[in-house]
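These notes are about the structure you will find just below.
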Amino acid sequence: MSLSIVFDRVGGPEVMKLAEGAVAAPGPGEIRLRHAAIGLNFIDVYHRSGVYKLPLPSGLGIEAAGTVTALGPEVDGLAVGDRVAYAGGSPGAYSQERVLPAAKAVKLPAGVSEEAAAALMLKGMTAFYLLHLTFPVRPGHTLLVHAAAGGVGSVLVPWAKHLGATVIGTAGSADKAQLARAAGCDHVIAYRDRDFAAEVKQLTGGAGVDVVYDSVGKDTFAGSLDSLKRRGMMVSFGNASGKVPPFEPVLLSDKGSLFLTRPTLAHYTATREELENAAQALFEVIVKGIVKPQISQRYALRDVARAHADLEARRTTGASLLLP
Ligand SMILES: NC(=O)c1ccc[n+]([C@@H]2O[C@H](COP(=O)([O-])OP(=O)(O)OC[C@H]3O[C@@H](n4cnc5c(N)ncnc54)[C@H](OP(=O)(O)O)[C@@H]3O)[C@@H](O)[C@H]2O)c1
């Protein structure tokens with residue numbers, strides 16, 4: 001028998017329920033996996049609250065690490081006992097054990113613990129594609145990273161510094177500003193009570209930044225456009241404060257012939273080759289110590305409601321884990 005979190009209606013953290021049941025035998029191309037650690041991500045909040053729609057009833061969670069306990073037919077390259085991790089695919093990571101398509105799992109190298117993988121697979125592969133594929137960051141670029149002390153932010157910042165960029169971060173409190181500085185930000189703006197776009201312009205001698213990585217959405221979108229250089233790149237990759245409302249494309253012309261993209265990890269790890277490239281790049285920066293897992297919160301799986309409430313109320317920093 002295995003414990004898992006399920007929900008049958010969208011709503012607040014209280015809609016998540018603990019369920020107990022037998023885990024099915026893996027089918028063709030599938031593995032069964034015993035989780036050691038589960039990653040908490042803002043997308044789980046979007047799923048639970050209905051911002052992103054799931055067919056219900058459903059499990060939750062799309063990132064975890066653990067050990068393979070059974071193989072279905074037609075699985076190559078994996079064995080019972082292998083340590084693996086995954087990010088993406090069907091929700092169901094909030095569980096002690098689950099069945100998963102083998103094509104989603106990546107073997108963990110020595111030097112990457114299950115906790116590190118559960119904290120970093122989703123956030124770190126996101127940082128990889130944002131910095132290398134969406135807007136390839138080069139020495140000399142100046143970046144604005146919102147929520148720099150958050151889960152994705154605390155990976156983006158040191159990785160961007162390693163690539164030679166100047167990084168301006170934003171943070172929602174003085175404590176978070178300190179963490180963002182420790183992660184490598186050259187400048188940190190306390191954006192809750194200050195006009196961050198004006199400060200970015202001041203810090204860049206009036207020019208603006210080459211790229212904004214904006215995961216906050218509604219509250220920061222306009223200011224992010226105002227922070228960009230002429231022909232700069234706006235990467236809107238999340239909506240922690242709500243979805244960006246519709247606007248006329250001519251706004252991008254008015255603000256300096258800006259580029260805008262709204263990417264998602266699934267489209268950068270859609271093939272096995274893309275997934276392996278992203279995972280290998282992440283494992284390399286972990287093993288070299290360039291990106292360190294910042295696990296600031298650990299919750300028992302049964303305390304998942306508290307974990308969601310903390311994430312939504314901006315009380316967390318770095319990564320949060322659920323322990324099954
Ligand atoms: N598109 C993709 O491929 C992709 C992949 C992964 C994550 N994401 C997105 O990246 C973002 C970060 O994800 P995460 O899991 O690492 O979360 P997180 O950054 O640890 O938490 C979200 C942070 O956003 C900031 N924030 C600003 N306004 C907020 C509001 N009204 N409500 C809640 N938080 C607010 C808070 O930091 P401050 O207090 O410092 O403001 C908060 O700590 C999310 O938007 C997520 O959807 C996108």
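Going by the structure tokens order, chains are called A, B, ..., each with residues numbered from 1, while ligands are numbered from 1 in the order shown.
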
Open item on the list: Quick one: residues within 7 Å of stretch 180-195 of chain A, only C-alpha atoms, excluding same-chain residues fewer than 2 positions away - as an MDAnalysis selection string?
Closed with: chainID A and resid 148:149 154 157:158 161 166:173 176:178 197:199

For those residues, write N, CA, C and O atoms to a file as a PDB file, in the first residue's frame.
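Written output follows (part_3.pdb):
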ATOM      1  N   ALA A 148      14.239  36.496  -6.974  1.00  0.00           N
ATOM      2  CA  ALA A 148      15.582  35.903  -7.094  1.00  0.00           C
ATOM      3  C   ALA A 148      15.918  34.961  -5.946  1.00  0.00           C
ATOM      4  O   ALA A 148      16.830  34.136  -6.080  1.00  0.00           O
ATOM      5  N   ALA A 149      15.217  35.060  -4.822  1.00  0.00           N
ATOM      6  CA  ALA A 149      15.489  34.148  -3.694  1.00  0.00           C
ATOM      7  C   ALA A 149      14.552  32.944  -3.699  1.00  0.00           C
ATOM      8  O   ALA A 149      14.600  32.112  -2.801  1.00  0.00           O
ATOM      9  N   SER A 154      16.738  31.065  -7.269  1.00  0.00           N
ATOM     10  CA  SER A 154      17.999  30.740  -6.595  1.00  0.00           C
ATOM     11  C   SER A 154      18.859  29.774  -7.416  1.00  0.00           C
ATOM     12  O   SER A 154      20.003  29.506  -7.053  1.00  0.00           O
ATOM     13  N   VAL A 157      20.167  32.557 -10.661  1.00  0.00           N
ATOM     14  CA  VAL A 157      21.160  33.585 -10.335  1.00  0.00           C
ATOM     15  C   VAL A 157      22.600  33.045 -10.386  1.00  0.00           C
ATOM     16  O   VAL A 157      23.426  33.586 -11.132  1.00  0.00           O
ATOM     17  N   PRO A 158      22.936  31.974  -9.639  1.00  0.00           N
ATOM     18  CA  PRO A 158      24.341  31.521  -9.712  1.00  0.00           C
ATOM     19  C   PRO A 158      24.735  31.010 -11.094  1.00  0.00           C
ATOM     20  O   PRO A 158      25.883  31.179 -11.523  1.00  0.00           O
ATOM     21  N   LYS A 161      25.455  33.988 -13.243  1.00  0.00           N
ATOM     22  CA  LYS A 161      26.754  34.578 -12.863  1.00  0.00           C
ATOM     23  C   LYS A 161      27.886  33.749 -13.473  1.00  0.00           C
ATOM     24  O   LYS A 161      28.867  34.290 -13.974  1.00  0.00           O
ATOM     25  N   THR A 166      25.809  40.108 -15.648  1.00  0.00           N
ATOM     26  CA  THR A 166      25.514  40.953 -14.490  1.00  0.00           C
ATOM     27  C   THR A 166      24.056  40.692 -14.136  1.00  0.00           C
ATOM     28  O   THR A 166      23.194  40.718 -15.023  1.00  0.00           O
ATOM     29  N   VAL A 167      23.783  40.404 -12.867  1.00  0.00           N
ATOM     30  CA  VAL A 167      22.423  40.006 -12.489  1.00  0.00           C
ATOM     31  C   VAL A 167      21.822  40.995 -11.499  1.00  0.00           C
ATOM     32  O   VAL A 167      22.394  41.246 -10.428  1.00  0.00           O
ATOM     33  N   ILE A 168      20.671  41.544 -11.893  1.00  0.00           N
ATOM     34  CA  ILE A 168      19.879  42.360 -10.980  1.00  0.00           C
ATOM     35  C   ILE A 168      18.719  41.475 -10.536  1.00  0.00           C
ATOM     36  O   ILE A 168      18.002  40.921 -11.375  1.00  0.00           O
ATOM     37  N   GLY A 169      18.553  41.311  -9.238  1.00  0.00           N
ATOM     38  CA  GLY A 169      17.456  40.478  -8.732  1.00  0.00           C
ATOM     39  C   GLY A 169      16.423  41.332  -8.031  1.00  0.00           C
ATOM     40  O   GLY A 169      16.711  42.451  -7.605  1.00  0.00           O
ATOM     41  N   THR A 170      15.215  40.806  -7.934  1.00  0.00           N
ATOM     42  CA  THR A 170      14.210  41.441  -7.075  1.00  0.00           C
ATOM     43  C   THR A 170      13.861  40.454  -5.971  1.00  0.00           C
ATOM     44  O   THR A 170      13.980  39.235  -6.142  1.00  0.00           O
ATOM     45  N   ALA A 171      13.426  40.992  -4.832  1.00  0.00           N
ATOM     46  CA  ALA A 171      13.079  40.138  -3.696  1.00  0.00           C
ATOM     47  C   ALA A 171      12.005  40.822  -2.860  1.00  0.00           C
ATOM     48  O   ALA A 171      11.962  42.053  -2.767  1.00  0.00           O
ATOM     49  N   GLY A 172      11.175  39.997  -2.237  1.00  0.00           N
ATOM     50  CA  GLY A 172       9.990  40.510  -1.538  1.00  0.00           C
ATOM     51  C   GLY A 172      10.212  40.888  -0.085  1.00  0.00           C
ATOM     52  O   GLY A 172       9.275  41.350   0.573  1.00  0.00           O
ATOM     53  N   SER A 173      11.413  40.693   0.455  1.00  0.00           N
ATOM     54  CA  SER A 173      11.672  41.092   1.844  1.00  0.00           C
ATOM     55  C   SER A 173      13.171  41.315   2.009  1.00  0.00           C
ATOM     56  O   SER A 173      13.967  40.902   1.154  1.00  0.00           O
ATOM     57  N   LYS A 176      14.982  38.000   2.145  1.00  0.00           N
ATOM     58  CA  LYS A 176      15.117  37.410   0.804  1.00  0.00           C
ATOM     59  C   LYS A 176      16.171  38.165  -0.010  1.00  0.00           C
ATOM     60  O   LYS A 176      16.900  37.560  -0.801  1.00  0.00           O
ATOM     61  N   ALA A 177      16.244  39.495   0.181  1.00  0.00           N
ATOM     62  CA  ALA A 177      17.247  40.290  -0.544  1.00  0.00           C
ATOM     63  C   ALA A 177      18.652  39.811  -0.168  1.00  0.00           C
ATOM     64  O   ALA A 177      19.526  39.689  -1.030  1.00  0.00           O
ATOM     65  N   GLN A 178      18.834  39.494   1.113  1.00  0.00           N
ATOM     66  CA  GLN A 178      20.137  39.012   1.567  1.00  0.00           C
ATOM     67  C   GLN A 178      20.481  37.665   0.906  1.00  0.00           C
ATOM     68  O   GLN A 178      21.602  37.443   0.463  1.00  0.00           O
ATOM     69  N   ALA A 197      11.458  49.277 -12.055  1.00  0.00           N
ATOM     70  CA  ALA A 197      11.897  49.644 -13.416  1.00  0.00           C
ATOM     71  C   ALA A 197      12.769  50.898 -13.360  1.00  0.00           C
ATOM     72  O   ALA A 197      13.811  50.972 -14.046  1.00  0.00           O
ATOM     73  N   ALA A 198      12.378  51.864 -12.525  1.00  0.00           N
ATOM     74  CA  ALA A 198      13.183  53.087 -12.403  1.00  0.00           C
ATOM     75  C   ALA A 198      14.564  52.735 -11.846  1.00  0.00           C
ATOM     76  O   ALA A 198      15.591  53.267 -12.307  1.00  0.00           O
ATOM     77  N   GLU A 199      14.612  51.819 -10.880  1.00  0.00           N
ATOM     78  CA  GLU A 199      15.910  51.449 -10.296  1.00  0.00           C
ATOM     79  C   GLU A 199      16.780  50.699 -11.298  1.00  0.00           C
ATOM     80  O   GLU A 199      17.993  50.862 -11.331  1.00  0.00           O
TER      81      GLU A 199
END

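Counting only C-alpha atoms, A:Ser58 has the following residues at most 8 Å away, ignoring those fewer than 3 positions along the same chain: A:Val6, A:Phe7, A:Asp8, A:Leu54, A:Pro55, A:Pro91, A:Gly92.
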
Given the selection you just returned, output its residues as a file containing N, CA and C atoms, formatted as a short mmCIF file (atom, residue, chain, number, x, y, z; two decimals), in the first residue's frame.
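That gives us selection06.cif:
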data_model
loop_
_atom_site.label_atom_id
_atom_site.label_comp_id
_atom_site.auth_asym_id
_atom_site.auth_seq_id
_atom_site.Cartn_x
_atom_site.Cartn_y
_atom_site.Cartn_z
N VAL A 6 -4.46 13.32 -3.34
CA VAL A 6 -5.39 13.43 -4.47
C VAL A 6 -6.32 14.61 -4.21
N PHE A 7 -6.95 15.10 -5.28
CA PHE A 7 -7.99 16.12 -5.11
C PHE A 7 -9.06 15.93 -6.17
N ASP A 8 -10.32 16.23 -5.80
CA ASP A 8 -11.41 16.02 -6.76
C ASP A 8 -12.16 17.30 -7.08
N LEU A 54 -6.79 20.52 -14.84
CA LEU A 54 -6.50 19.09 -14.92
C LEU A 54 -7.82 18.34 -14.91
N PRO A 55 -7.91 17.21 -15.60
CA PRO A 55 -9.09 16.37 -15.44
C PRO A 55 -9.13 15.82 -14.00
N PRO A 91 0.66 14.57 -13.36
CA PRO A 91 0.76 14.76 -11.91
C PRO A 91 0.61 13.44 -11.17
N GLY A 92 1.24 13.34 -10.00
CA GLY A 92 1.20 12.10 -9.21
C GLY A 92 2.45 11.93 -8.37
#

How close does chain A get to ligand 1? List, as JSON lines, each residue of chain A within 6 Å, its nearest atom pair and the distance in Å to one decimal, counting only C-alpha atoms and all ligand atoms.
{"residue": "A:Asn41", "atom": "CA", "partner": "ligand 1", "partner_atom_place_in_ligand_line": "15 (O)", "distance": 3.6}
{"residue": "A:Phe42", "atom": "CA", "partner": "ligand 1", "partner_atom_place_in_ligand_line": "15 (O)", "distance": 3.9}
{"residue": "A:Ile43", "atom": "CA", "partner": "ligand 1", "partner_atom_place_in_ligand_line": "47 (O)", "distance": 5.0}
{"residue": "A:Lys123", "atom": "CA", "partner": "ligand 1", "partner_atom_place_in_ligand_line": "6 (C)", "distance": 5.3}
{"residue": "A:Thr126", "atom": "CA", "partner": "ligand 1", "partner_atom_place_in_ligand_line": "5 (C)", "distance": 5.2}
{"residue": "A:Ala147", "atom": "CA", "partner": "ligand 1", "partner_atom_place_in_ligand_line": "40 (O)", "distance": 4.1}
{"residue": "A:Ala149", "atom": "CA", "partner": "ligand 1", "partner_atom_place_in_ligand_line": "40 (O)", "distance": 5.9}
{"residue": "A:Gly150", "atom": "CA", "partner": "ligand 1", "partner_atom_place_in_ligand_line": "19 (O)", "distance": 3.5}
{"residue": "A:Gly151", "atom": "CA", "partner": "ligand 1", "partner_atom_place_in_ligand_line": "16 (O)", "distance": 3.2}
{"residue": "A:Val152", "atom": "CA", "partner": "ligand 1", "partner_atom_place_in_ligand_line": "16 (O)", "distance": 3.9}
{"residue": "A:Ala171", "atom": "CA", "partner": "ligand 1", "partner_atom_place_in_ligand_line": "40 (O)", "distance": 3.6}
{"residue": "A:Gly172", "atom": "CA", "partner": "ligand 1", "partner_atom_place_in_ligand_line": "39 (O)", "distance": 3.6}
{"residue": "A:Ser215", "atom": "CA", "partner": "ligand 1", "partner_atom_place_in_ligand_line": "45 (O)", "distance": 4.2}
{"residue": "A:Val216", "atom": "CA", "partner": "ligand 1", "partner_atom_place_in_ligand_line": "27 (C)", "distance": 5.1}
{"residue": "A:Phe237", "atom": "CA", "partner": "ligand 1", "partner_atom_place_in_ligand_line": "1 (N)", "distance": 4.1}
{"residue": "A:Gly238", "atom": "CA", "partner": "ligand 1", "partner_atom_place_in_ligand_line": "45 (O)", "distance": 3.4}
{"residue": "A:Asn239", "atom": "CA", "partner": "ligand 1", "partner_atom_place_in_ligand_line": "45 (O)", "distance": 4.5}
{"residue": "A:Ala240", "atom": "CA", "partner": "ligand 1", "partner_atom_place_in_ligand_line": "45 (O)", "distance": 4.3}
{"residue": "A:Ser241", "atom": "CA", "partner": "ligand 1", "partner_atom_place_in_ligand_line": "31 (N)", "distance": 3.5}
{"residue": "A:Pro263", "atom": "CA", "partner": "ligand 1", "partner_atom_place_in_ligand_line": "1 (N)", "distance": 5.2}
{"residue": "A:Thr264", "atom": "CA", "partner": "ligand 1", "partner_atom_place_in_ligand_line": "3 (O)", "distance": 3.4}
{"residue": "A:Leu265", "atom": "CA", "partner": "ligand 1", "partner_atom_place_in_ligand_line": "3 (O)", "distance": 3.7}
{"residue": "A:Leu311", "atom": "CA", "partner": "ligand 1", "partner_atom_place_in_ligand_line": "21 (O)", "distance": 5.9}
{"residue": "A:Glu312", "atom": "CA", "partner": "ligand 1", "partner_atom_place_in_ligand_line": "33 (C)", "distance": 4.6}
{"residue": "A:Ala313", "atom": "CA", "partner": "ligand 1", "partner_atom_place_in_ligand_line": "33 (C)", "distance": 5.7}
{"residue": "A:Arg314", "atom": "CA", "partner": "ligand 1", "partner_atom_place_in_ligand_line": "43 (O)", "distance": 4.1}
{"residue": "A:Thr316", "atom": "CA", "partner": "ligand 1", "partner_atom_place_in_ligand_line": "43 (O)", "distance": 5.7}
{"residue": "A:Thr317", "atom": "CA", "partner": "ligand 1", "partner_atom_place_in_ligand_line": "20 (O)", "distance": 5.8}
{"residue": "A:Gly318", "atom": "CA", "partner": "ligand 1", "partner_atom_place_in_ligand_line": "20 (O)", "distance": 5.8}

TODO: Pick out each residue of stretch 74-277 of chain A that DSSP on the backbone tags as strand (DSSP E or B); I need them as a VMD selection string.
DONE: chain A and resid 83 to 87 95 97 to 101 106 to 107 142 to 145 166 to 171 187 to 190 209 to 214 228 to 236 259 to 261

- [ ] DSSP on the backbone, then: every residue of stretch 134-186 of chain A marked helix (DSSP H, G or I), written as a PyMOL selection string.
- [x] chain A and resi 134+153-162+174-183

TODO: Do a neighbour search on stretch 252-260 of chain A at 6 Å with only C-alpha atoms, toss out local chain neighbours closer than 4 positions, and write the hits as a PyMOL selection string.
DONE: chain A and resi 230-234

TODO: Select, from A:Leu56, A:Ile31, A:Ala36, A:Met1, the residue with the minimum atom-to-atom distance to A:Pro324, counting only C-alpha atoms.
DONE: A:Ala36
